[in-house]
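The next block holds one structure in the form of structure tokens; read it before the comments.
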Amino acid sequence: MRNSGDGAVGGALGRGLGESGPYPLPESGVDQPADTVGYRGPTACAAAGITYRQLDYWARTGLVEPSVRPPHGAGAQRLYSMRDVVVLKIVKRFLDTGVALQNIRAAVRHLRTRGYADLERMTLMSDGATVYECSSPDEVVQLLQGGQGVFGIAVGVVWRDVEAALSLLHGERVDTGETLVAHNPADELARRRQNRAV
């Protein structure tokens with residue numbers, strides 16, 4: 001899907017987004033951990049570098065909705081997962097570089113279908129008209145040599161930036177509502193991996 005300007009997200013080198021590539025997924029058993037910690041709107045904004053107005057608008061228009069707890073009725077607090085916050089930051093970067101909203105929507109839909117291991121090594125490239133997924137340095141180089149790809153977003157780097165930002169902010173336990181001060185999502189993931197190994 002490499003058509004320009006139609007809202008499609010094209011796969012680099014003819015690989016359509018959503019098709020599995022030739023790269024094995026490490027630790028596939030831990031790939032999709034359940035969200036046990038959520039982040040309220042102001043925390044998500046701080047970690048993603050966006051305004052609350054943007055967050056609210058993107059949620060109302062369905063661009064990036066909170067996956068941990070969507071709002072149900074007046075006064076309900078939305079809770080965003082760390083993955084949601086990563087997507088928020090990626091959306092902001094796309095908008096800052098002038099990518100069309102329809103292409104951003106297609107990229108967001110695609111990011112939601114990918115596993116954690118996929119996201120860690122994925123680079124999203126765009127020429128402004130189409131967004132391409134690259135999962136290896138060779139794909140990035142080939143895309144650039146083909147005259148496409150004006151800029152790129154290394155999703156793994158964004159993930160680590162968000163993780164570092166969230167480690168300094170408050171999280172909330174999904175099951176009890178307990179506030180976690182300076183919760184580090186990396187510690188939670190490491191604990192889950194250790195528990196599965198035992």
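As shown in the structure tokens, the chain order sets the letters A, B, ...; within each chain, residues go from 1, and ligands are also counted from 1 in the order they appear.
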
Would you please extract all strand (DSSP E or B) residues from range 44-149 of chain A, as assigned by DSSP on the backbone, and give them as a ChimeraX atom specification?
/A:69,79-80,123-126,131-134

Dump N, CA and C atoms for the selected residues as a tab-separated table (two decimals), in the first residue's frame?
chain	number	residue	atom	x	y	z
A	69	ARG	N	-9.08	3.12	30.65
A	69	ARG	CA	-10.43	3.47	31.11
A	69	ARG	C	-10.95	4.65	30.29
A	79	LEU	N	-8.17	6.99	31.77
A	79	LEU	CA	-6.84	6.47	32.11
A	79	LEU	C	-6.19	5.96	30.84
A	80	TYR	N	-4.98	6.44	30.60
A	80	TYR	CA	-4.21	6.07	29.42
A	80	TYR	C	-3.14	5.07	29.81
A	123	THR	N	10.57	1.82	12.97
A	123	THR	CA	10.77	3.22	12.61
A	123	THR	C	9.67	3.58	11.63
A	124	LEU	N	8.97	4.68	11.92
A	124	LEU	CA	7.95	5.17	11.00
A	124	LEU	C	8.58	6.28	10.18
A	125	MET	N	8.53	6.14	8.86
A	125	MET	CA	9.10	7.13	7.94
A	125	MET	C	7.95	7.76	7.19
A	126	SER	N	8.10	9.03	6.84
A	126	SER	CA	7.06	9.68	6.06
A	126	SER	C	7.66	10.66	5.08
A	131	VAL	N	2.89	7.25	5.18
A	131	VAL	CA	3.70	6.80	6.32
A	131	VAL	C	4.10	5.37	6.05
A	132	TYR	N	5.39	5.07	6.21
A	132	TYR	CA	5.93	3.73	5.97
A	132	TYR	C	6.46	3.14	7.27
A	133	GLU	N	6.30	1.84	7.43
A	133	GLU	CA	6.89	1.14	8.56
A	133	GLU	C	8.19	0.51	8.11
A	134	CYS	N	9.25	0.74	8.87
A	134	CYS	CA	10.53	0.08	8.63
A	134	CYS	C	10.92	-0.64	9.92

Residue with smallest distance to Gly115 in chain A - pool A:Arg83, A:Arg40, A:Arg60, A:His72, counting only C-alpha atoms:
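Closest to Gly115 in chain A, using only C-alpha atoms: A:Arg83.
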
Give me, as a ChimeraX atom specification, the residues of range 105-155 of chain A that a backbone DSSP run labels helix (DSSP H, G or I).
/A:105-113,116-120,137-145,155

Counting only C-alpha atoms, which residue out of A:Met122, A:Ala106, A:Val158, A:Val37 sits closest to Leu88 in chain A?
A:Val158
